[in-house]
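Reviewing the structure listed below.
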Amino acid sequence: MNKNIKDTQKEDQVVGKNNQQQDQIEAEVLETADNEGVSRTPRQARDDNQRADTQRTQAWQPPSVLPDPKPQDGYVFRWIRTSLVGQSDNPNVSYRFREGWEACKAEDHPELKILVDQNSRWADDGCVEIGGLLLCKAPVEMVEARRDYYNKLAQQQVDSIDNNYLKENDPRMPMLEPQRQSRVTFGKH
């Protein structure tokens, strides 16, 4: 027991000597730097265009076909098809309006005014239409309720398929439960 205490005391003395030596070395370095007139952290003057020289050039990307409208609190935007191959698609537009989508007025989005199709029925009504697509908006709550409805419908379909598959299950030779998990792996397998 006394031997362990003595060993610990010796280690503390060695550590103390090492700290003193380190402090001495740092003091000598600072003293020589002060005598030579060199600052502790030498820095070079920075050119204004140095960052531009080191920056990676941006890769070219084609522009988006449809511009993004400025976001509005409480609304979600969507482009709705008004024509297909030059023929008007009124059933699609009326279906989307019944879902709760409203056509956006061009005066609400002046950033899109230049891009609007000039010879369209919707442009005559003061709406934003580009390339046969009409900009519409709907309240966030309605969009989330619609998403929940379709997610529930899809889950019911998956459950129905699973039940149909497993109804022929026999305890003597059980069928495997369907697995609905996916994994992403990187590198070699």
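Naming works like this for the structure tokens: A, B, ... for the chains as they're shown, residue 1 at the start of each chain, ligands 1 onward in shown order.
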
Based on the backbone DSSP call, show me all residues of region 25-187 of chain A assigned alpha helix (DSSP H), as a ChimeraX atom specification.
/A:25-36,50-54,90-99,121-124,140-166

Who sits within 12 Å of region 63-65 of chain A, only C-alpha atoms, same chain under 2 positions skipped, as a compact mmCIF listing (two decimals) with C-alpha atoms, in the first residue's frame:
# COMPACT_ATOMS: atom_id res chain seq x y z
CA TRP A 60 -23.59 25.04 -64.99
CA GLN A 61 -27.12 23.82 -64.50
CA PRO A 67 -40.18 29.48 -61.65
CA ASP A 68 -40.83 29.23 -57.93
CA TRP A 79 -48.64 23.99 -60.93
CA LEU A 115 -43.14 34.82 -67.94
CA ILE A 130 -46.81 29.23 -68.08
CA GLY A 131 -46.57 26.58 -70.77
CA GLY A 132 -50.02 25.13 -70.15
CA LEU A 133 -49.57 25.03 -66.37

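Note that DSSP on the backbone gives strand (DSSP E) to these residues of region 26-184 of chain A: Tyr75, Val76, Phe77, Arg78, Trp79, Ile80, Arg81, Ser83, Leu84, Gln87, Ser88, Glu102, Ala103, Glu129, Ile130, Leu133, Leu134, Leu135, Cys136, Lys137, Ala138 and Pro139 of chain A.
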
Got time to write the residues from that selection, C-alpha atoms, as a PDB file, in the first residue's frame?
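And here is the file that came out, part37.pdb:
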ATOM      1  CA  TYR A  75     -50.232  28.333 -48.351  1.00  0.00           C
ATOM      2  CA  VAL A  76     -48.715  25.658 -50.571  1.00  0.00           C
ATOM      3  CA  PHE A  77     -48.176  26.279 -54.294  1.00  0.00           C
ATOM      4  CA  ARG A  78     -48.643  23.840 -57.149  1.00  0.00           C
ATOM      5  CA  TRP A  79     -48.636  23.989 -60.934  1.00  0.00           C
ATOM      6  CA  ILE A  80     -51.801  22.458 -62.436  1.00  0.00           C
ATOM      7  CA  ARG A  81     -52.089  21.291 -66.044  1.00  0.00           C
ATOM      8  CA  SER A  83     -53.703  21.948 -71.542  1.00  0.00           C
ATOM      9  CA  LEU A  84     -52.123  18.848 -72.983  1.00  0.00           C
ATOM     10  CA  GLN A  87     -55.846  20.789 -76.240  1.00  0.00           C
ATOM     11  CA  SER A  88     -57.415  22.334 -73.140  1.00  0.00           C
ATOM     12  CA  GLU A 102     -57.265  28.314 -56.156  1.00  0.00           C
ATOM     13  CA  ALA A 103     -55.704  30.032 -59.161  1.00  0.00           C
ATOM     14  CA  GLU A 129     -50.103  30.364 -66.598  1.00  0.00           C
ATOM     15  CA  ILE A 130     -46.810  29.232 -68.080  1.00  0.00           C
ATOM     16  CA  LEU A 133     -49.570  25.034 -66.372  1.00  0.00           C
ATOM     17  CA  LEU A 134     -51.559  27.216 -64.002  1.00  0.00           C
ATOM     18  CA  LEU A 135     -50.093  28.381 -60.691  1.00  0.00           C
ATOM     19  CA  CYS A 136     -52.476  27.517 -57.854  1.00  0.00           C
ATOM     20  CA  LYS A 137     -52.365  27.699 -54.081  1.00  0.00           C
ATOM     21  CA  ALA A 138     -54.141  25.910 -51.259  1.00  0.00           C
ATOM     22  CA  PRO A 139     -54.093  26.181 -47.451  1.00  0.00           C
TER      23      PRO A 139
END

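In this structure, CA of Ala123 (chain A) sits 26.0 Å away from CA of Met142 (chain A).
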
Nearest to Gly74 (chain A), chosen from A:Glu141, A:Arg146, A:Ala27, A:Asn163, with only C-alpha atoms counted in the distances
A:Glu141
